[in-house]
$ cat my_file.cif   # mmCIF, C-alpha atoms (C1' of nucleotides)
data_coords
loop_
_atom_site.group_PDB
_atom_site.id
_atom_site.type_symbol
_atom_site.label_atom_id
_atom_site.label_comp_id
_atom_site.auth_asym_id
_atom_site.auth_seq_id
_atom_site.Cartn_x
_atom_site.Cartn_y
_atom_site.Cartn_z
ATOM 1 C CA MET A 1 58.348 56.647 72.594
ATOM 2 C CA SER A 2 59.029 56.039 68.920
ATOM 3 C CA ARG A 3 56.720 53.077 68.929
ATOM 4 C CA LYS A 4 56.900 50.961 65.792
ATOM 5 C CA ARG A 5 53.695 51.375 63.840
ATOM 6 C CA SER A 6 54.160 48.155 61.935
ATOM 7 C CA SER A 7 54.195 44.779 63.577
ATOM 8 C CA GLY A 8 56.820 43.720 61.059
ATOM 9 C CA LEU A 9 55.076 40.739 59.533
ATOM 10 C CA ALA A 10 56.365 41.698 56.117
ATOM 11 C CA THR A 11 60.083 41.692 56.891
ATOM 12 C CA ALA A 12 62.269 39.878 54.422
ATOM 13 C CA PRO A 13 63.509 37.226 56.875
ATOM 14 C CA LEU A 14 59.995 36.260 57.908
ATOM 15 C CA LEU A 15 58.829 36.090 54.308
ATOM 16 C CA ARG A 16 61.775 33.981 53.236
ATOM 17 C CA ARG A 17 61.192 31.651 56.141
ATOM 18 C CA HIS A 18 57.490 31.080 55.667
ATOM 19 C CA ALA A 19 56.799 31.426 51.959
ATOM 20 C CA PRO A 20 58.603 28.178 51.022
ATOM 21 C CA VAL A 21 56.634 26.281 53.651
ATOM 22 C CA PHE A 22 53.324 27.503 52.273
ATOM 23 C CA ALA A 23 54.519 26.867 48.736
ATOM 24 C CA ALA A 24 55.338 23.287 49.687
ATOM 25 C CA LEU A 25 51.869 22.854 51.158
ATOM 26 C CA GLY A 26 50.259 24.532 48.180
ATOM 27 C CA ASP A 27 49.863 21.449 46.061
ATOM 28 C CA ALA A 28 47.109 18.890 46.440
ATOM 29 C CA THR A 29 49.468 15.942 46.022
ATOM 30 C CA ARG A 30 51.883 17.196 48.657
ATOM 31 C CA LEU A 31 49.102 18.148 51.028
ATOM 32 C CA ALA A 32 47.756 14.623 50.631
ATOM 33 C CA LEU A 33 51.203 13.244 51.429
ATOM 34 C CA MET A 34 51.333 15.343 54.585
ATOM 35 C CA ALA A 35 47.876 14.150 55.570
ATOM 36 C CA ARG A 36 48.811 10.522 55.014
ATOM 37 C CA LEU A 37 52.086 10.947 56.860
ATOM 38 C CA CYS A 38 50.381 12.484 59.852
ATOM 39 C CA GLU A 39 47.957 9.586 60.082
ATOM 40 C CA ARG A 40 50.254 6.635 59.640
ATOM 41 C CA ALA A 41 53.772 7.200 60.883
ATOM 42 C CA PRO A 42 56.911 6.374 58.927
ATOM 43 C CA CYS A 43 56.087 5.459 55.366
ATOM 44 C CA SER A 44 58.356 4.400 52.553
ATOM 45 C CA ILE A 45 58.244 6.114 49.177
ATOM 46 C CA SER A 46 56.716 3.081 47.503
ATOM 47 C CA GLN A 47 54.065 2.841 50.183
ATOM 48 C CA LEU A 48 53.140 6.467 49.625
ATOM 49 C CA ALA A 49 53.158 6.030 45.871
ATOM 50 C CA ASP A 50 51.020 2.936 46.001
ATOM 51 C CA GLY A 51 47.465 4.236 45.895
ATOM 52 C CA SER A 52 48.468 7.226 43.819
ATOM 53 C CA PRO A 53 47.624 7.925 40.183
ATOM 54 C CA ILE A 54 51.071 9.375 39.552
ATOM 55 C CA THR A 55 54.482 7.785 39.357
ATOM 56 C CA ARG A 56 56.771 6.865 42.209
ATOM 57 C CA GLN A 57 59.341 9.294 40.850
ATOM 58 C CA ALA A 58 56.828 12.106 40.936
ATOM 59 C CA ILE A 59 56.027 11.238 44.537
ATOM 60 C CA THR A 60 59.745 11.241 45.276
ATOM 61 C CA LYS A 61 60.082 14.719 43.855
ATOM 62 C CA HIS A 62 57.188 15.947 45.958
ATOM 63 C CA LEU A 63 58.743 14.413 49.043
ATOM 64 C CA ARG A 64 62.000 16.192 48.289
ATOM 65 C CA VAL A 65 60.116 19.473 48.029
ATOM 66 C CA LEU A 66 58.494 18.857 51.411
ATOM 67 C CA GLU A 67 61.876 17.897 52.805
ATOM 68 C CA GLY A 68 63.395 21.047 51.356
ATOM 69 C CA ALA A 69 60.814 23.066 53.251
ATOM 70 C CA GLY A 70 61.688 21.135 56.398
ATOM 71 C CA LEU A 71 58.174 19.757 56.700
ATOM 72 C CA VAL A 72 59.313 16.177 56.412
ATOM 73 C CA ARG A 73 62.394 14.123 57.058
ATOM 74 C CA GLY A 74 63.418 10.975 55.218
ATOM 75 C CA GLU A 75 65.883 8.382 56.418
ATOM 76 C CA MET A 76 67.221 5.360 54.625
ATOM 77 C CA ALA A 77 66.402 2.080 56.343
ATOM 78 C CA GLY A 78 67.785 -0.793 54.377
ATOM 79 C CA ARG A 79 66.503 -0.561 50.863
ATOM 80 C CA GLU A 80 63.649 1.753 51.671
ATOM 81 C CA CYS A 81 63.453 5.404 52.609
ATOM 82 C CA LEU A 82 61.136 6.139 55.507
ATOM 83 C CA PHE A 83 59.533 9.530 55.825
ATOM 84 C CA GLU A 84 58.166 11.263 58.879
ATOM 85 C CA ILE A 85 56.562 14.607 59.537
ATOM 86 C CA GLU A 86 58.674 17.296 61.128
ATOM 87 C CA PRO A 87 56.168 19.178 63.280
ATOM 88 C CA GLU A 88 58.122 22.305 64.055
ATOM 89 C CA PRO A 89 57.879 24.251 60.777
ATOM 90 C CA LEU A 90 54.219 23.333 60.651
ATOM 91 C CA ASP A 91 53.698 24.963 64.010
ATOM 92 C CA ARG A 92 55.667 28.018 62.951
ATOM 93 C CA ALA A 93 53.495 28.385 59.882
ATOM 94 C CA THR A 94 50.369 28.099 62.004
ATOM 95 C CA GLU A 95 51.663 30.772 64.321
ATOM 96 C CA TYR A 96 52.338 33.100 61.441
ATOM 97 C CA LEU A 97 48.843 32.669 60.033
ATOM 98 C CA GLU A 98 47.334 33.302 63.434
ATOM 99 C CA LEU A 99 49.412 36.431 63.757
ATOM 100 C CA VAL A 100 48.252 37.756 60.414
ATOM 101 C CA SER A 101 44.684 36.990 61.330
ATOM 102 C CA GLN A 102 44.941 38.713 64.705
ATOM 103 C CA GLN A 103 46.666 41.679 63.156
ATOM 104 C CA TRP A 104 43.887 42.003 60.645
ATOM 105 C CA ASP A 105 41.197 41.753 63.286
ATOM 106 C CA ALA A 106 42.843 44.566 65.213
ATOM 107 C CA ALA A 107 43.144 46.703 62.098
ATOM 108 C CA PHE A 108 39.527 46.006 61.295
ATOM 109 C CA VAL A 109 38.394 47.159 64.708
ATOM 110 C CA ARG A 110 40.468 50.333 64.368
ATOM 111 C CA LEU A 111 38.951 50.917 60.947
ATOM 112 C CA LYS A 112 35.441 50.391 62.217
ATOM 113 C CA ASN A 113 35.973 52.805 65.080
ATOM 114 C CA PHE A 114 37.401 55.357 62.694
ATOM 115 C CA VAL A 115 34.440 55.100 60.342
ATOM 116 C CA GLU A 116 31.850 55.261 63.112
ATOM 117 C CA LYS A 117 33.587 58.181 64.783
ATOM 118 C CA MET B 1 31.480 -0.060 65.793
ATOM 119 C CA SER B 2 33.239 0.211 62.459
ATOM 120 C CA ARG B 3 35.205 3.208 63.602
ATOM 121 C CA LYS B 4 36.992 5.076 60.828
ATOM 122 C CA ARG B 5 40.721 4.579 61.206
ATOM 123 C CA SER B 6 41.558 7.670 59.218
ATOM 124 C CA SER B 7 40.614 11.164 60.299
ATOM 125 C CA GLY B 8 40.060 12.021 56.636
ATOM 126 C CA LEU B 9 42.458 14.916 56.279
ATOM 127 C CA ALA B 10 43.457 13.689 52.845
ATOM 128 C CA THR B 11 40.048 13.684 51.221
ATOM 129 C CA ALA B 12 39.805 15.289 47.804
ATOM 130 C CA PRO B 13 37.413 18.064 48.861
ATOM 131 C CA LEU B 14 39.629 19.179 51.730
ATOM 132 C CA LEU B 15 42.711 19.106 49.553
ATOM 133 C CA ARG B 16 41.053 21.069 46.789
ATOM 134 C CA ARG B 17 39.854 23.623 49.283
ATOM 135 C CA HIS B 18 43.098 24.214 51.103
ATOM 136 C CA ALA B 19 45.877 23.622 48.598
ATOM 137 C CA PRO B 20 45.077 26.757 46.545
ATOM 138 C CA VAL B 21 45.121 28.883 49.693
ATOM 139 C CA PHE B 22 48.569 27.641 50.670
ATOM 140 C CA ALA B 23 49.743 27.996 47.102
ATOM 141 C CA ALA B 24 48.602 31.608 47.116
ATOM 142 C CA LEU B 25 50.508 32.229 50.342
ATOM 143 C CA GLY B 26 53.543 30.386 49.031
ATOM 144 C CA ASP B 27 55.197 33.344 47.390
ATOM 145 C CA ALA B 28 57.209 36.002 49.187
ATOM 146 C CA THR B 29 55.642 38.843 47.228
ATOM 147 C CA ARG B 30 52.101 37.699 47.935
ATOM 148 C CA LEU B 31 52.867 36.994 51.570
ATOM 149 C CA ALA B 32 54.236 40.520 51.815
ATOM 150 C CA LEU B 33 51.024 41.842 50.279
ATOM 151 C CA MET B 34 48.985 39.952 52.845
ATOM 152 C CA ALA B 35 51.165 41.331 55.615
ATOM 153 C CA ARG B 36 50.827 44.879 54.350
ATOM 154 C CA LEU B 37 47.079 44.470 53.885
ATOM 155 C CA CYS B 38 46.622 43.202 57.403
ATOM 156 C CA GLU B 39 48.466 46.172 58.829
ATOM 157 C CA ARG B 40 46.930 49.002 56.899
ATOM 158 C CA ALA B 41 43.362 48.454 55.777
ATOM 159 C CA PRO B 42 42.054 49.036 52.287
ATOM 160 C CA CYS B 43 44.896 49.720 49.901
ATOM 161 C CA SER B 44 44.809 50.513 46.217
ATOM 162 C CA ILE B 45 46.907 48.589 43.735
ATOM 163 C CA SER B 46 49.176 51.547 43.100
ATOM 164 C CA GLN B 47 49.680 52.037 46.808
ATOM 165 C CA LEU B 48 50.700 48.432 47.169
ATOM 166 C CA ALA B 49 52.968 48.608 44.147
ATOM 167 C CA ASP B 50 54.625 51.803 45.306
ATOM 168 C CA GLY B 51 57.480 50.614 47.484
ATOM 169 C CA SER B 52 57.915 47.494 45.421
ATOM 170 C CA PRO B 53 60.777 46.579 43.094
ATOM 171 C CA ILE B 54 58.387 44.967 40.619
ATOM 172 C CA THR B 55 55.784 46.413 38.297
ATOM 173 C CA ARG B 56 52.237 47.427 39.106
ATOM 174 C CA GLN B 57 50.997 44.797 36.663
ATOM 175 C CA ALA B 58 52.931 42.111 38.463
ATOM 176 C CA ILE B 59 51.384 43.239 41.733
ATOM 177 C CA THR B 60 47.981 43.151 40.073
ATOM 178 C CA LYS B 61 48.534 39.550 39.002
ATOM 179 C CA HIS B 62 49.532 38.587 42.523
ATOM 180 C CA LEU B 63 46.450 40.292 43.921
ATOM 181 C CA ARG B 64 44.285 38.357 41.475
ATOM 182 C CA VAL B 65 45.880 35.121 42.660
ATOM 183 C CA LEU B 66 45.136 36.032 46.265
ATOM 184 C CA GLU B 67 41.619 36.998 45.257
ATOM 185 C CA GLY B 68 41.214 33.702 43.421
ATOM 186 C CA ALA B 69 42.100 31.890 46.628
ATOM 187 C CA GLY B 70 39.547 34.022 48.464
ATOM 188 C CA LEU B 71 42.193 35.527 50.712
ATOM 189 C CA VAL B 72 41.517 39.044 49.554
ATOM 190 C CA ARG B 73 38.712 41.039 48.044
ATOM 191 C CA GLY B 74 39.059 44.023 45.738
ATOM 192 C CA GLU B 75 36.429 46.609 45.010
ATOM 193 C CA MET B 76 36.498 49.466 42.558
ATOM 194 C CA ALA B 77 36.145 52.864 44.161
ATOM 195 C CA GLY B 78 36.293 55.593 41.582
ATOM 196 C CA ARG B 79 39.432 55.139 39.585
ATOM 197 C CA GLU B 80 41.161 52.971 42.127
ATOM 198 C CA CYS B 81 40.696 49.391 43.250
ATOM 199 C CA LEU B 82 40.773 48.928 47.006
ATOM 200 C CA PHE B 83 41.816 45.614 48.464
ATOM 201 C CA GLU B 84 41.022 44.136 51.842
ATOM 202 C CA ILE B 85 41.847 40.890 53.579
ATOM 203 C CA GLU B 86 39.150 38.264 53.758
ATOM 204 C CA PRO B 87 39.814 36.627 57.123
ATOM 205 C CA GLU B 88 37.719 33.505 56.788
ATOM 206 C CA PRO B 89 39.866 31.339 54.461
ATOM 207 C CA LEU B 90 42.869 32.344 56.504
ATOM 208 C CA ASP B 91 41.216 30.966 59.611
ATOM 209 C CA ARG B 92 40.220 27.802 57.794
ATOM 210 C CA ALA B 93 43.801 27.266 56.681
ATOM 211 C CA THR B 94 45.020 27.774 60.233
ATOM 212 C CA GLU B 95 42.527 25.234 61.490
ATOM 213 C CA TYR B 96 43.669 22.711 58.930
ATOM 214 C CA LEU B 97 47.313 23.120 59.885
ATOM 215 C CA GLU B 98 46.459 22.757 63.542
ATOM 216 C CA LEU B 99 44.516 19.622 62.764
ATOM 217 C CA VAL B 100 47.431 18.090 60.892
ATOM 218 C CA SER B 101 49.755 18.996 63.712
ATOM 219 C CA GLN B 102 47.479 17.500 66.377
ATOM 220 C CA GLN B 103 46.958 14.396 64.299
ATOM 221 C CA TRP B 104 50.680 13.953 63.995
ATOM 222 C CA ASP B 105 51.241 14.449 67.699
ATOM 223 C CA ALA B 106 48.696 11.752 68.429
ATOM 224 C CA ALA B 107 50.262 9.399 65.902
ATOM 225 C CA PHE B 108 53.666 10.111 67.392
ATOM 226 C CA VAL B 109 52.497 9.221 70.869
ATOM 227 C CA ARG B 110 50.990 5.989 69.581
ATOM 228 C CA LEU B 111 54.232 5.205 67.791
ATOM 229 C CA LYS B 112 56.305 5.898 70.883
ATOM 230 C CA ASN B 113 54.104 3.684 73.012
ATOM 231 C CA PHE B 114 54.349 0.945 70.424
ATOM 232 C CA VAL B 115 58.132 1.100 70.309
ATOM 233 C CA GLU B 116 58.573 1.227 74.084
ATOM 234 C CA LYS B 117 56.109 -1.579 74.633
ATOM 235 C "C1'" DA C 1 72.637 -17.382 43.133
ATOM 236 C "C1'" DT C 2 68.816 -15.517 41.291
ATOM 237 C "C1'" DT C 3 64.986 -12.860 41.463
ATOM 238 C "C1'" DA C 4 62.068 -9.365 43.064
ATOM 239 C "C1'" DT C 5 61.891 -4.700 45.432
ATOM 240 C "C1'" DC C 6 63.116 -0.150 46.530
ATOM 241 C "C1'" DT C 7 65.521 3.543 45.389
ATOM 242 C "C1'" DG C 8 68.358 7.154 42.797
ATOM 243 C "C1'" DC C 9 69.797 9.641 38.631
ATOM 244 C "C1'" DA C 10 69.260 11.833 34.134
ATOM 245 C "C1'" DA C 11 66.959 13.499 30.134
ATOM 246 C "C1'" DC C 12 63.022 15.159 28.454
ATOM 247 C "C1'" DA C 13 58.226 17.400 27.423
ATOM 248 C "C1'" DA C 14 54.362 20.133 28.715
ATOM 249 C "C1'" DA C 15 52.319 23.375 31.420
ATOM 250 C "C1'" DA C 16 52.179 26.899 34.846
ATOM 251 C "C1'" DT C 17 54.417 30.957 36.942
ATOM 252 C "C1'" DG C 18 56.433 35.478 37.462
ATOM 253 C "C1'" DG C 19 57.629 39.178 35.204
ATOM 254 C "C1'" DT C 20 57.989 42.654 31.420
ATOM 255 C "C1'" DT C 21 56.332 46.172 27.878
ATOM 256 C "C1'" DG C 22 52.935 48.677 25.317
ATOM 257 C "C1'" DC C 23 48.523 50.466 24.702
ATOM 258 C "C1'" DG C 24 43.714 51.764 25.600
ATOM 259 C "C1'" DT C 25 40.079 53.410 28.799
ATOM 260 C "C1'" DG C 26 37.862 55.606 32.580
ATOM 261 C "C1'" DT C 27 38.381 59.117 36.486
ATOM 262 C "C1'" DT C 28 39.966 62.959 38.974
ATOM 263 C "C1'" DC C 29 41.962 67.467 39.296
ATOM 264 C "C1'" DC C 30 42.982 72.162 37.518
ATOM 265 C "C1'" DG D 1 38.886 70.724 27.871
ATOM 266 C "C1'" DG D 2 43.304 68.835 28.958
ATOM 267 C "C1'" DA D 3 46.775 66.737 31.935
ATOM 268 C "C1'" DA D 4 47.742 63.371 35.321
ATOM 269 C "C1'" DC D 5 46.519 59.285 37.527
ATOM 270 C "C1'" DA D 6 44.797 54.406 38.246
ATOM 271 C "C1'" DC D 7 43.572 50.646 36.115
ATOM 272 C "C1'" DG D 8 42.706 46.629 32.630
ATOM 273 C "C1'" DC D 9 44.082 43.829 28.694
ATOM 274 C "C1'" DA D 10 47.137 41.301 25.643
ATOM 275 C "C1'" DA D 11 51.359 39.648 23.902
ATOM 276 C "C1'" DC D 12 55.449 37.990 24.996
ATOM 277 C "C1'" DC D 13 59.690 35.876 27.370
ATOM 278 C "C1'" DA D 14 62.373 33.225 30.816
ATOM 279 C "C1'" DT D 15 62.203 30.130 34.422
ATOM 280 C "C1'" DT D 16 60.207 26.763 37.360
ATOM 281 C "C1'" DT D 17 57.203 23.123 38.169
ATOM 282 C "C1'" DT D 18 55.126 18.763 37.326
ATOM 283 C "C1'" DG D 19 55.204 14.725 35.368
ATOM 284 C "C1'" DT D 20 57.098 11.112 32.316
ATOM 285 C "C1'" DT D 21 60.399 7.219 30.746
ATOM 286 C "C1'" DG D 22 64.476 4.508 30.947
ATOM 287 C "C1'" DC D 23 68.246 2.654 33.285
ATOM 288 C "C1'" DA D 24 71.460 1.305 36.930
ATOM 289 C "C1'" DG D 25 72.703 0.157 41.826
ATOM 290 C "C1'" DA D 26 71.741 -1.604 46.331
ATOM 291 C "C1'" DT D 27 69.081 -4.616 49.412
ATOM 292 C "C1'" DA D 28 65.917 -8.381 50.673
ATOM 293 C "C1'" DA D 29 63.665 -12.765 49.834
ATOM 294 C "C1'" DT D 30 63.512 -17.557 47.972
#
$ encode --input "my_file.cif" --output "structure tokens"
Amino acid sequence: MSRKRSSGLATAPLLRRHAPVFAALGDATRLALMARLCERAPCSISQLADGSPITRQAITKHLRVLEGAGLVRGEMAGRECLFEIEPEPLDRATEYLELVSQQWDAAFVRLKNFVEK
Amino acid sequence: MSRKRSSGLATAPLLRRHAPVFAALGDATRLALMARLCERAPCSISQLADGSPITRQAITKHLRVLEGAGLVRGEMAGRECLFEIEPEPLDRATEYLELVSQQWDAAFVRLKNFVEK
DNA sequence: ATTATCTGCAACAAAATGGTTGCGTGTTCC
DNA sequence: GGAACACGCAACCATTTTGTTGCAGATAAT
């Protein structure tokens, strides 16, 4: 049968796909931007920078990081740049986390059975 | 009624809880560690460092980061330190991502209705 | 036309990150 | 007891990240 023992969650392609997404989400400022963007649809950079303690340029950089991870998409509209959430990579990331969690649950059950044997 | 407009995904406590978890997952090496740990239950540091191109000390640092985010728990057993996945923060992170995604879907529908009105 | 906004670019500083090497200590095995 | 193994600690280095300031260009408003 030659069944694969591993479920292959640690393959290089998967890691390279998902790690940058998590890295982009792994900053309070950027996570806040995502949260704000998912509540009120397209927002300009200045709008997003408005209530913030940090500079507009810093916000811009964070937005570029999110955009680099594909989590967000910005489009020029006149003199302002409107940003929206891109839901797909978010869903992929969620799937991956669920997979890890399920995998661990299964391993845990196997371990428990082994110990209690 | 004074209904809250915002769903409150961007509150400081939520951000401070989840950002470190995503940050911990936001590195290919650490994500690989998580994947390996969810496949084969408790692993020592040396075991985890074995097939790796980087040093045992580097692996140790990464494990400490994961531990700091609560994603993993290490326990000394004799001369080796055995690590296990801690599933709870993983589930919390998944929930948060799902919430953001749902929130965005809802906002998107509202936006579409508004435009097509 | 002028002024006020919104953005981009570049240079820079400070701090965090990812990794190394070297050494010391406790534990297991023979 | 001695060798081999697994780990922790500390110093150190290179790179990336996070944030700043200053300035210039395009667009909108009056």
$ resolve_selection --input "my_file.cif" --expression "the PyMOL selection byres ((chain C) within 10 of (chain B))" --output "list in words"
DG18, DG19, DT20, DG26, DT27 and DT28 of chain C
$ residues_around --input "my_file.cif" --residues "segment 32-40 of chain A" --least-positions-apart "5" --cutoff "6 Å" --atoms "only C-alpha atoms (C1' of nucleotides)" --output "list in words"
Leu9, Ala10, Gln103 and Trp104 of chain B
$ residues_around --input "my_file.cif" --residues "Leu90 of chain B" --least-positions-apart "2" --cutoff "8 Å" --atoms "only C-alpha atoms (C1' of nucleotides)" --output "PyMOL selection string"
(chain A and resi 97+101) or (chain B and resi 21+71+86-88+92-94)
$ closest_atom_pairs --input "my_file.cif" --of "chain D" --to "chain B" --cutoff "10 Å" --atoms "all atoms listed in the file" --output "tab-separated table"
residue	atom	partner	partner_atom	distance
D:DC5	C1'	B:Arg79	CA	8.5
D:DA6	C1'	B:Glu80	CA	5.5
D:DC7	C1'	B:Glu80	CA	6.9
D:DG8	C1'	B:Gln57	CA	9.4
$ write_last_selection --input "my_file.cif" --atoms "C-alpha atoms (C1' of nucleotides)" --output "JSON list (two decimals), in the frame of the given file"
[["chain", "number", "residue", "atom", "x", "y", "z"],
["D", 5, "DC", "C1'", 46.52, 59.28, 37.53],
["D", 6, "DA", "C1'", 44.80, 54.41, 38.25],
["D", 7, "DC", "C1'", 43.57, 50.65, 36.12],
["D", 8, "DG", "C1'", 42.71, 46.63, 32.63]]
$ atom_distance --input "my_file.cif" --atom1 "atom CA of Pro89 of chain B" --atom2 "atom CA of Arg64 of chain B"
15.4 Å
$ calpha_fit_and_write --input "my_file.cif" --fixed "chain A" --moving "chain B" --output "mmCIF file with C-alpha atoms, keeping the file's coordinate frame"
data_model
loop_
_atom_site.group_PDB
_atom_site.id
_atom_site.type_symbol
_atom_site.label_atom_id
_atom_site.label_comp_id
_atom_site.auth_asym_id
_atom_site.auth_seq_id
_atom_site.Cartn_x
_atom_site.Cartn_y
_atom_site.Cartn_z
ATOM 1 C CA MET B 1 58.475 56.534 72.698
ATOM 2 C CA SER B 2 59.076 55.994 69.006
ATOM 3 C CA ARG B 3 56.744 53.043 68.933
ATOM 4 C CA LYS B 4 56.945 50.949 65.779
ATOM 5 C CA ARG B 5 53.757 51.391 63.796
ATOM 6 C CA SER B 6 54.211 48.152 61.922
ATOM 7 C CA SER B 7 54.224 44.763 63.590
ATOM 8 C CA GLY B 8 56.853 43.665 61.072
ATOM 9 C CA LEU B 9 55.083 40.702 59.539
ATOM 10 C CA ALA B 10 56.389 41.665 56.124
ATOM 11 C CA THR B 11 60.086 41.629 56.890
ATOM 12 C CA ALA B 12 62.300 39.795 54.431
ATOM 13 C CA PRO B 13 63.500 37.152 56.903
ATOM 14 C CA LEU B 14 59.975 36.193 57.923
ATOM 15 C CA LEU B 15 58.833 36.049 54.329
ATOM 16 C CA ARG B 16 61.772 33.934 53.267
ATOM 17 C CA ARG B 17 61.160 31.586 56.146
ATOM 18 C CA HIS B 18 57.461 31.054 55.676
ATOM 19 C CA ALA B 19 56.771 31.411 51.969
ATOM 20 C CA PRO B 20 58.568 28.158 51.034
ATOM 21 C CA VAL B 21 56.581 26.256 53.655
ATOM 22 C CA PHE B 22 53.274 27.490 52.266
ATOM 23 C CA ALA B 23 54.481 26.862 48.747
ATOM 24 C CA ALA B 24 55.291 23.285 49.693
ATOM 25 C CA LEU B 25 51.810 22.850 51.149
ATOM 26 C CA GLY B 26 50.227 24.532 48.151
ATOM 27 C CA ASP B 27 49.824 21.433 46.051
ATOM 28 C CA ALA B 28 47.069 18.864 46.447
ATOM 29 C CA THR B 29 49.428 15.927 46.030
ATOM 30 C CA ARG B 30 51.854 17.193 48.650
ATOM 31 C CA LEU B 31 49.069 18.133 51.028
ATOM 32 C CA ALA B 32 47.741 14.604 50.638
ATOM 33 C CA LEU B 33 51.195 13.247 51.445
ATOM 34 C CA MET B 34 51.321 15.354 54.585
ATOM 35 C CA ALA B 35 47.877 14.126 55.566
ATOM 36 C CA ARG B 36 48.821 10.506 55.007
ATOM 37 C CA LEU B 37 52.099 10.961 56.870
ATOM 38 C CA CYS B 38 50.374 12.481 59.855
ATOM 39 C CA GLU B 39 47.969 9.579 60.079
ATOM 40 C CA ARG B 40 50.287 6.654 59.665
ATOM 41 C CA ALA B 41 53.822 7.199 60.888
ATOM 42 C CA PRO B 42 56.955 6.403 58.944
ATOM 43 C CA CYS B 43 56.111 5.494 55.380
ATOM 44 C CA SER B 44 58.382 4.448 52.559
ATOM 45 C CA ILE B 45 58.254 6.149 49.190
ATOM 46 C CA SER B 46 56.754 3.107 47.519
ATOM 47 C CA GLN B 47 54.103 2.866 50.195
ATOM 48 C CA LEU B 48 53.163 6.465 49.620
ATOM 49 C CA ALA B 49 53.173 6.030 45.863
ATOM 50 C CA ASP B 50 51.072 2.890 46.002
ATOM 51 C CA GLY B 51 47.513 4.166 45.930
ATOM 52 C CA SER B 52 48.488 7.125 43.815
ATOM 53 C CA PRO B 53 47.633 7.815 40.176
ATOM 54 C CA ILE B 54 51.072 9.301 39.541
ATOM 55 C CA THR B 55 54.511 7.752 39.365
ATOM 56 C CA ARG B 56 56.826 6.873 42.217
ATOM 57 C CA GLN B 57 59.354 9.352 40.844
ATOM 58 C CA ALA B 58 56.794 12.115 40.924
ATOM 59 C CA ILE B 59 56.027 11.251 44.533
ATOM 60 C CA THR B 60 59.743 11.295 45.260
ATOM 61 C CA LYS B 61 60.039 14.800 43.830
ATOM 62 C CA HIS B 62 57.144 15.985 45.960
ATOM 63 C CA LEU B 63 58.715 14.447 49.046
ATOM 64 C CA ARG B 64 61.965 16.253 48.276
ATOM 65 C CA VAL B 65 60.060 19.529 48.034
ATOM 66 C CA LEU B 66 58.456 18.887 51.410
ATOM 67 C CA GLU B 67 61.844 17.928 52.797
ATOM 68 C CA GLY B 68 63.357 21.096 51.357
ATOM 69 C CA ALA B 69 60.762 23.108 53.247
ATOM 70 C CA GLY B 70 61.637 21.164 56.392
ATOM 71 C CA LEU B 71 58.134 19.763 56.685
ATOM 72 C CA VAL B 72 59.282 16.189 56.413
ATOM 73 C CA ARG B 73 62.379 14.154 57.041
ATOM 74 C CA GLY B 74 63.418 11.010 55.204
ATOM 75 C CA GLU B 75 65.889 8.436 56.388
ATOM 76 C CA MET B 76 67.241 5.414 54.594
ATOM 77 C CA ALA B 77 66.470 2.144 56.313
ATOM 78 C CA GLY B 78 67.839 -0.760 54.361
ATOM 79 C CA ARG B 79 66.552 -0.514 50.849
ATOM 80 C CA GLU B 80 63.695 1.789 51.678
ATOM 81 C CA CYS B 81 63.478 5.448 52.606
ATOM 82 C CA LEU B 82 61.164 6.170 55.513
ATOM 83 C CA PHE B 83 59.536 9.554 55.815
ATOM 84 C CA GLU B 84 58.169 11.281 58.878
ATOM 85 C CA ILE B 85 56.545 14.621 59.538
ATOM 86 C CA GLU B 86 58.654 17.310 61.128
ATOM 87 C CA PRO B 87 56.136 19.163 63.289
ATOM 88 C CA GLU B 88 58.087 22.298 64.074
ATOM 89 C CA PRO B 89 57.833 24.251 60.781
ATOM 90 C CA LEU B 90 54.182 23.327 60.662
ATOM 91 C CA ASP B 91 53.660 24.953 64.034
ATOM 92 C CA ARG B 92 55.630 28.003 62.974
ATOM 93 C CA ALA B 93 53.460 28.384 59.893
ATOM 94 C CA THR B 94 50.333 28.099 62.015
ATOM 95 C CA GLU B 95 51.626 30.773 64.344
ATOM 96 C CA TYR B 96 52.323 33.086 61.448
ATOM 97 C CA LEU B 97 48.831 32.668 60.037
ATOM 98 C CA GLU B 98 47.316 33.303 63.433
ATOM 99 C CA LEU B 99 49.413 36.416 63.773
ATOM 100 C CA VAL B 100 48.257 37.752 60.422
ATOM 101 C CA SER B 101 44.680 36.995 61.323
ATOM 102 C CA GLN B 102 44.925 38.721 64.712
ATOM 103 C CA GLN B 103 46.672 41.683 63.162
ATOM 104 C CA TRP B 104 43.899 42.025 60.645
ATOM 105 C CA ASP B 105 41.205 41.777 63.284
ATOM 106 C CA ALA B 106 42.862 44.571 65.215
ATOM 107 C CA ALA B 107 43.197 46.709 62.102
ATOM 108 C CA PHE B 108 39.566 46.030 61.281
ATOM 109 C CA VAL B 109 38.424 47.185 64.688
ATOM 110 C CA ARG B 110 40.483 50.351 64.353
ATOM 111 C CA LEU B 111 38.998 50.939 60.921
ATOM 112 C CA LYS B 112 35.463 50.419 62.175
ATOM 113 C CA ASN B 113 35.989 52.822 65.043
ATOM 114 C CA PHE B 114 37.424 55.369 62.651
ATOM 115 C CA VAL B 115 34.473 55.126 60.289
ATOM 116 C CA GLU B 116 31.842 55.253 63.031
ATOM 117 C CA LYS B 117 33.546 58.142 64.762
#
$ resolve_selection --input "my_file.cif" --expression "the PyMOL selection byres ((chain A and resi 28) around 7)" --output "list in words"
Gly26, Asp27, Thr29, Arg30, Leu31 and Ala32 of chain A; Leu15, Arg16 and Ala19 of chain B
$ resolve_selection --input "my_file.cif" --expression "the PyMOL selection byres ((chain D and resi 21) around 9)" --output "PyMOL selection string"
(chain C and resi 12) or (chain D and resi 20+22)
$ residues_around --input "my_file.cif" --residues "DA16 of chain C" --least-positions-apart "2" --cutoff "10 Å" --atoms "all atoms listed in the file" --output "JSON list (two decimals) with C-alpha atoms (C1' of nucleotides), keeping the file's coordinate frame"
[["chain", "number", "residue", "atom", "x", "y", "z"],
["C", 14, "DA", "C1'", 54.36, 20.13, 28.72],
["C", 18, "DG", "C1'", 56.43, 35.48, 37.46],
["D", 16, "DT", "C1'", 60.21, 26.76, 37.36],
["D", 17, "DT", "C1'", 57.20, 23.12, 38.17],
["D", 18, "DT", "C1'", 55.13, 18.76, 37.33]]
